[in-house]
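protein21.txt, holding compact mmCIF, C-alpha atoms:
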# COMPACT_ATOMS: atom_id res chain seq x y z
CA MET A 1 -19.50 -21.01 7.78
CA ASN A 2 -17.73 -20.68 11.08
CA LEU A 3 -17.67 -17.24 12.69
CA SER A 4 -13.90 -17.08 13.25
CA LEU A 5 -13.30 -18.13 9.68
CA LEU A 6 -15.71 -15.45 8.50
CA LEU A 7 -13.89 -12.85 10.60
CA PHE A 8 -10.61 -14.05 9.14
CA PHE A 9 -11.74 -13.65 5.58
CA VAL A 10 -13.34 -10.26 6.13
CA LEU A 11 -10.11 -9.01 7.71
CA ALA A 12 -8.06 -10.58 4.93
CA PHE A 13 -10.22 -8.79 2.39
CA VAL A 14 -9.76 -5.43 4.14
CA ALA A 15 -6.01 -5.91 4.65
CA VAL A 16 -5.24 -6.99 1.09
CA LEU A 17 -7.52 -4.40 -0.47
CA SER A 18 -5.98 -1.58 1.58
CA ALA A 19 -2.49 -2.83 0.67
CA ILE A 20 -3.42 -2.73 -3.01
CA GLY A 21 -4.90 0.72 -2.46
CA LEU A 22 -1.57 1.79 -0.97
CA LEU A 23 0.22 0.60 -4.09
CA VAL A 24 -2.04 2.21 -6.67
CA SER A 25 -3.04 5.48 -5.04
CA ARG A 26 -1.69 8.57 -6.77
CA SER A 27 -1.41 10.71 -3.67
CA ALA A 28 0.91 9.91 -0.77
CA ILE A 29 -1.72 11.06 1.71
CA TYR A 30 -4.25 8.54 0.44
CA ALA A 31 -1.52 5.90 0.55
CA ALA A 32 -0.85 6.76 4.20
CA LEU A 33 -4.55 6.49 5.05
CA PHE A 34 -4.77 3.12 3.29
CA LEU A 35 -1.80 1.99 5.37
CA VAL A 36 -3.59 3.04 8.56
CA LEU A 37 -6.56 0.91 7.50
CA ASN A 38 -4.21 -1.99 6.85
CA PHE A 39 -2.60 -1.60 10.29
CA ALA A 40 -6.02 -1.58 11.93
CA ALA A 41 -7.03 -4.80 10.18
CA VAL A 42 -3.78 -6.49 11.16
CA ALA A 43 -4.25 -5.27 14.75
CA VAL A 44 -7.54 -7.16 14.88
CA TYR A 45 -5.67 -10.24 13.65
CA TYR A 46 -3.26 -9.81 16.55
CA LEU A 47 -6.19 -9.60 18.94
CA VAL A 48 -7.66 -12.81 17.55
CA LEU A 49 -4.26 -14.49 17.77
CA GLY A 50 -4.20 -13.85 21.51
CA ALA A 51 -1.72 -10.97 21.60
CA PRO A 52 -3.74 -8.05 23.03
CA PHE A 53 -0.67 -6.09 24.12
CA ILE A 54 0.88 -6.28 20.66
CA ALA A 55 -2.44 -5.31 19.11
CA MET A 56 -2.63 -2.19 21.25
CA ALA A 57 1.00 -1.38 20.52
CA GLN A 58 0.23 -1.79 16.83
CA VAL A 59 -2.58 0.74 17.05
CA THR A 60 -0.70 3.29 19.16
CA VAL A 61 2.82 2.95 17.75
CA TYR A 62 2.19 2.05 14.12
CA ALA A 63 -1.19 3.51 13.26
CA GLY A 64 -0.65 6.34 15.73
CA ALA A 65 2.89 7.60 16.04
CA ILE A 66 4.53 6.32 12.86
CA MET A 67 1.70 7.33 10.56
CA VAL A 68 1.48 10.77 12.15
CA LEU A 69 5.20 11.10 11.40
CA PHE A 70 4.54 10.06 7.79
CA LEU A 71 1.68 12.51 7.36
CA PHE A 72 3.76 15.23 8.99
CA VAL A 73 6.59 14.72 6.50
CA ILE A 74 4.17 14.57 3.56
CA MET A 75 2.72 17.92 4.64
CA LEU A 76 6.19 19.33 5.32
CA LEU A 77 7.48 18.51 1.86
CA GLY A 78 4.34 20.00 0.37
CA ALA A 79 4.90 18.03 -2.80
CA GLU A 80 1.43 16.59 -2.56
CA ARG A 81 -1.33 18.50 -4.19
CA LEU A 82 -4.64 16.90 -3.50
CA PRO A 83 -7.17 17.27 -6.28
CA PRO A 84 -9.90 19.77 -5.43
CA GLY A 85 -12.37 17.99 -3.26
CA GLN A 86 -15.45 16.92 -5.09
CA ALA A 87 -17.79 15.81 -2.36
CA LEU A 88 -20.26 13.22 -3.53
CA PRO A 89 -23.82 14.44 -3.16
CA TRP A 90 -24.93 11.41 -1.16
CA GLN A 91 -21.73 11.30 0.91
CA ARG A 92 -23.05 13.02 4.01
CA PRO A 93 -26.30 11.08 4.42
CA LEU A 94 -24.43 7.85 3.75
CA ALA A 95 -21.85 8.70 6.42
CA ILE A 96 -24.58 9.50 8.94
CA GLY A 97 -26.41 6.29 8.11
CA LEU A 98 -23.29 4.17 8.48
CA ALA A 99 -22.41 5.87 11.77
CA VAL A 100 -25.88 5.11 13.13
CA VAL A 101 -25.53 1.49 12.01
CA LEU A 102 -22.15 1.25 13.74
CA LEU A 103 -23.55 2.74 16.93
CA ALA A 104 -26.48 0.35 16.92
CA GLU A 105 -24.14 -2.55 16.29
CA ALA A 106 -21.83 -1.59 19.16
CA GLY A 107 -24.78 -1.12 21.49
CA LEU A 108 -26.20 -4.48 20.51
CA LEU A 109 -22.87 -6.16 21.15
CA LEU A 110 -22.59 -4.52 24.55
CA VAL A 111 -26.10 -5.49 25.56
CA GLN A 112 -26.35 -8.94 24.10
CA ARG A 113 -22.81 -10.27 24.35
CA LEU A 114 -22.99 -11.91 20.98
CA LYS A 115 -20.67 -14.65 19.93
CA ILE A 116 -18.34 -12.31 18.07
CA THR A 117 -17.30 -10.63 21.31
CA ALA A 118 -16.55 -14.09 22.66
CA VAL A 119 -14.25 -14.60 19.69
CA LEU A 120 -12.45 -11.34 20.36
CA LEU A 121 -12.39 -11.37 24.14
CA ASN A 122 -11.74 -15.03 24.75
CA PRO A 123 -8.86 -16.19 22.62
CA ALA A 124 -7.14 -19.44 23.37
CA PRO A 125 -7.30 -19.92 27.16
CA GLU A 126 -3.56 -20.31 27.61
CA VAL A 127 -2.91 -16.85 26.19
CA ASN A 128 -5.82 -15.16 27.85
CA SER A 129 -5.97 -11.53 29.00
CA SER A 130 -4.04 -10.58 32.12
CA ALA A 131 -2.26 -13.91 32.56
CA SER A 132 -0.72 -13.51 29.10
CA LEU A 133 0.27 -9.93 29.89
CA VAL A 134 2.02 -11.06 33.08
CA ALA A 135 3.79 -13.82 31.19
CA LEU A 136 4.80 -11.38 28.45
CA GLY A 137 6.21 -8.93 30.97
CA LYS A 138 8.13 -11.65 32.74
CA ALA A 139 9.60 -12.96 29.50
CA LEU A 140 10.50 -9.44 28.38
CA PHE A 141 12.17 -8.34 31.59
CA GLN A 142 13.84 -11.60 32.58
CA MET A 143 14.74 -13.70 29.59
CA TYR A 144 15.01 -10.84 27.10
CA LEU A 145 16.31 -8.11 29.36
CA LEU A 146 19.53 -7.54 27.44
CA PRO A 147 17.84 -7.14 24.01
CA PHE A 148 15.36 -4.81 25.69
CA GLU A 149 18.16 -2.59 26.97
CA VAL A 150 19.94 -2.71 23.61
CA THR A 151 16.68 -1.48 22.09
CA SER A 152 16.84 1.61 24.27
CA VAL A 153 20.34 2.30 22.98
CA LEU A 154 19.04 1.87 19.42
CA LEU A 155 16.29 4.39 20.03
CA LEU A 156 18.77 6.84 21.55
CA VAL A 157 21.09 6.49 18.56
CA ALA A 158 18.19 6.98 16.16
CA MET A 159 17.10 10.09 18.04
CA ILE A 160 20.58 11.63 17.98
CA GLY A 161 20.99 10.72 14.32
CA VAL A 162 17.72 12.35 13.36
CA ILE A 163 18.58 15.52 15.26
CA VAL A 164 21.99 15.72 13.57
CA LEU A 165 20.44 15.08 10.16
CA ALA A 166 17.62 17.56 10.47
CA LYS A 167 19.64 20.34 12.07
CA ARG A 168 20.51 23.19 9.72
CA GLU A 169 24.11 24.33 9.56
CA LYS A 170 24.77 27.73 11.09
CA GLY A 171 25.15 29.75 7.91
CA GLU A 172 22.62 27.75 5.87
CA LEU A 173 19.60 29.62 4.58
CA GLY A 174 16.16 28.21 5.09
CA SER A 175 14.73 26.47 2.07
CA MET B 176 -10.82 -21.28 18.81
CA ASN B 177 -7.42 -20.61 17.33
CA ASN B 178 -7.43 -24.06 15.83
CA VAL B 179 -10.46 -23.14 13.78
CA VAL B 180 -8.46 -20.93 11.43
CA PRO B 181 -5.49 -23.00 10.32
CA LEU B 182 -1.98 -21.65 10.61
CA SER B 183 -1.50 -21.87 6.86
CA TYR B 184 -4.23 -19.27 6.28
CA TYR B 185 -2.40 -16.78 8.46
CA LEU B 186 0.86 -17.56 6.71
CA GLY B 187 -0.87 -17.06 3.39
CA ILE B 188 -2.17 -13.60 4.28
CA SER B 189 1.20 -12.72 5.80
CA GLY B 190 3.01 -13.76 2.63
CA LEU B 191 0.51 -11.84 0.54
CA LEU B 192 1.10 -8.65 2.54
CA PHE B 193 4.85 -9.16 2.27
CA ALA B 194 4.65 -9.67 -1.49
CA LEU B 195 2.51 -6.57 -1.91
CA GLY B 196 5.11 -4.65 0.09
CA ILE B 197 7.89 -5.87 -2.20
CA LEU B 198 5.79 -4.91 -5.20
CA GLY B 199 5.35 -1.43 -3.76
CA VAL B 200 9.09 -1.02 -3.23
CA LEU B 201 9.72 -2.08 -6.81
CA ILE B 202 7.07 -0.14 -8.71
CA ARG B 203 6.70 3.14 -6.85
CA ARG B 204 9.10 6.05 -7.20
CA ASN B 205 7.95 8.20 -4.32
CA PRO B 206 10.31 7.37 -1.41
CA LEU B 207 7.53 7.98 1.11
CA ILE B 208 5.41 5.28 -0.48
CA ILE B 209 8.45 3.00 -0.69
CA PHE B 210 8.80 3.49 3.06
CA MET B 211 5.16 2.65 3.61
CA SER B 212 5.64 -0.51 1.58
CA ILE B 213 8.53 -1.46 3.85
CA GLU B 214 6.19 -1.01 6.81
CA LEU B 215 3.74 -3.28 5.04
CA MET B 216 6.43 -5.96 4.71
CA LEU B 217 7.32 -5.65 8.40
CA ASN B 218 3.64 -6.02 9.17
CA GLY B 219 3.44 -9.21 7.18
CA ALA B 220 6.46 -10.60 9.02
CA ASN B 221 4.92 -9.64 12.37
CA LEU B 222 1.73 -11.44 11.46
CA ALA B 223 3.71 -14.60 10.69
CA PHE B 224 5.53 -14.30 14.03
CA LEU B 225 2.28 -14.00 15.95
CA ALA B 226 0.59 -16.78 13.99
CA PHE B 227 3.43 -19.14 14.88
CA ALA B 228 3.45 -17.94 18.49
CA SER B 229 -0.24 -18.66 18.75
CA ALA B 230 0.02 -22.02 17.02
CA PHE B 231 2.87 -23.31 19.17
CA HIS B 232 1.74 -21.59 22.39
CA VAL B 233 5.00 -19.74 23.03
CA LEU B 234 5.56 -16.09 23.92
CA THR B 235 8.79 -15.64 21.99
CA GLY B 236 6.92 -14.59 18.86
CA GLN B 237 5.26 -11.73 20.72
CA ILE B 238 8.60 -10.59 22.11
CA PHE B 239 10.07 -10.56 18.62
CA VAL B 240 7.18 -8.52 17.28
CA PHE B 241 7.80 -6.07 20.09
CA PHE B 242 11.42 -5.64 18.99
CA VAL B 243 10.47 -5.42 15.33
CA MET B 244 8.11 -2.57 16.16
CA THR B 245 10.83 -0.70 18.03
CA VAL B 246 13.28 -1.10 15.17
CA ALA B 247 10.59 -0.01 12.72
CA ALA B 248 9.95 3.14 14.71
CA ALA B 249 13.67 4.01 14.78
CA GLU B 250 14.02 3.20 11.09
CA VAL B 251 11.08 5.37 10.09
CA ALA B 252 12.38 8.33 12.08
CA VAL B 253 15.83 8.15 10.49
CA GLY B 254 14.46 7.47 7.00
CA LEU B 255 12.02 10.35 7.08
CA ALA B 256 14.77 12.67 8.33
CA LEU B 257 16.91 11.57 5.37
CA ILE B 258 14.04 12.25 2.97
CA VAL B 259 13.57 15.72 4.44
CA VAL B 260 17.28 16.49 4.08
CA ILE B 261 17.34 15.20 0.50
CA PHE B 262 14.32 17.32 -0.33
CA ARG B 263 16.01 20.34 1.21
CA THR B 264 19.13 19.99 -0.93
CA LYS B 265 17.67 18.66 -4.21
CA HIS B 266 14.12 20.04 -4.09
CA ASN B 267 12.92 16.75 -5.50
CA ILE B 268 12.39 13.34 -3.96
CA ASP B 269 11.74 11.18 -7.00
CA VAL B 270 14.12 8.22 -6.56
CA ASP B 271 14.81 8.13 -10.31
CA VAL B 272 16.31 11.61 -10.09
CA LEU B 273 18.46 10.76 -7.07
CA ASN B 274 21.30 8.98 -8.83
CA SER B 275 24.32 10.59 -7.21
CA LEU B 276 25.57 10.64 -3.66
CA LYS B 277 26.93 14.19 -3.93
CA GLY B 278 24.73 16.82 -2.37
Could you render the structure as structure tokens?
Amino acid sequence: MNLSLLLFFVLAFVAVLSAIGLLVSRSAIYAALFLVLNFAAVAVYYLVLGAPFIAMAQVTVYAGAIMVLFLFVIMLLGAERLPPGQALPWQRPLAIGLAVVLLAEAGLLLVQRLKITAVLLNPAPEVNSSASLVALGKALFQMYLLPFEVTSVLLLVAMIGVIVLAKREKGELGS
Amino acid sequence: MNNVVPLSYYLGISGLLFALGILGVLIRRNPLIIFMSIELMLNGANLAFLAFASAFHVLTGQIFVFFVMTVAAAEVAVGLALIVVIFRTKHNIDVDVLNSLKG
């Protein structure tokens, strides 16, 4: 089987499984963590599809900022009671073993430049690395300048709206 | 190498993610998880955008994903603020209980 196809199916497996996990998990915190896993898998798809900037934005904006906001609100509401942690007896050695395997794998990739890095680092030549970034920036700031500016207005409106919503009235008691 | 994985595969996984998101919106009653399912649907749509952009060698798909992400960020901020306010007034966020607009 082809390596890109293999990568595709592994990522599809992770993405779909984490989406199902999001649907069936009892606790909102677990659901949020499943969603982070899903975002990470989709970010790798973006990388393979030759959109490195979008992939990085996916990781920082979605998996970073938005999910932190989600977790923050889950904690704030305090409606989630996690079941008392029952650590599996073999959890810690397994984690250490897997971490060592990951480290060895990363080191091997760095040293040997296996084919998988070629898949990730060399997408289709016409959308490659810095040239695609330059083209993206040009498209964004020339052809799509007006939508870009409208987006800033949208963000400003959202920010003001959130502040107005979350602000307590003067006489209101804290919950 | 992008021609190795056909476009239809990407569209399939994108549709699958979107359908799972819809399922989540329909079957869950926790508004936070409903929100996460909406993010899942947006993710599926973004994947379709990028798959088409890569297949037809145009940048417009990437630009659209960029805007979708911005709108998603704004939407999540406002939605979570609404959830917090609802929780503050009703002390409950189960969407089955929230059947009136009066505070």
Just how far from atom CA of Ala256 of chain B is atom CA of Phe72 of chain A, in Å to one decimal?
-> 11.3 Å
Which residues of chain A have any atom within 6 Å of an atom in chain B when counting all atoms listed in the file, and what is the closest pair of atoms for each, with the distance in Å to one decimal? Order the rows by chain and rising number and write it as a Markdown table.
| residue | atom | partner | partner_atom | distance |
| --- | --- | --- | --- | --- |
| A:Leu5 | CA | B:Val180 | CA | 5.9 |
| A:Leu23 | CA | B:Gly199 | CA | 5.5 |
| A:Leu49 | CA | B:Ser229 | CA | 5.9 |
| A:Leu155 | CA | B:Ala249 | CA | 5.9 |
| A:Ala158 | CA | B:Ala249 | CA | 5.6 |
| A:Val162 | CA | B:Val253 | CA | 5.4 |
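Distances to Gln58 of chain A were evaluated for B:Leu273, B:Ala194, B:Leu182, B:Leu217 using only C-alpha atoms, and the minimum falls at B:Leu217.
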Contacts of Met67 of chain A at 10 Å or less, counting all atoms listed in the file, minus same-chain residues fewer than 4 places along, as an NGL selection string?
-> (:A and (32-33 or 35-36 or 39 or 60-63 or 71-73)) or (:B and (211 or 251))
Quick one: distance from atom CA of Leu103 of chain A to atom CA of Phe9 of chain A in Å, one decimal?
-> 23.2 Å
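Of note, atom CA of Ala15 of chain A and atom CA of Gly190 of chain B are spaced 12.1 Å apart.
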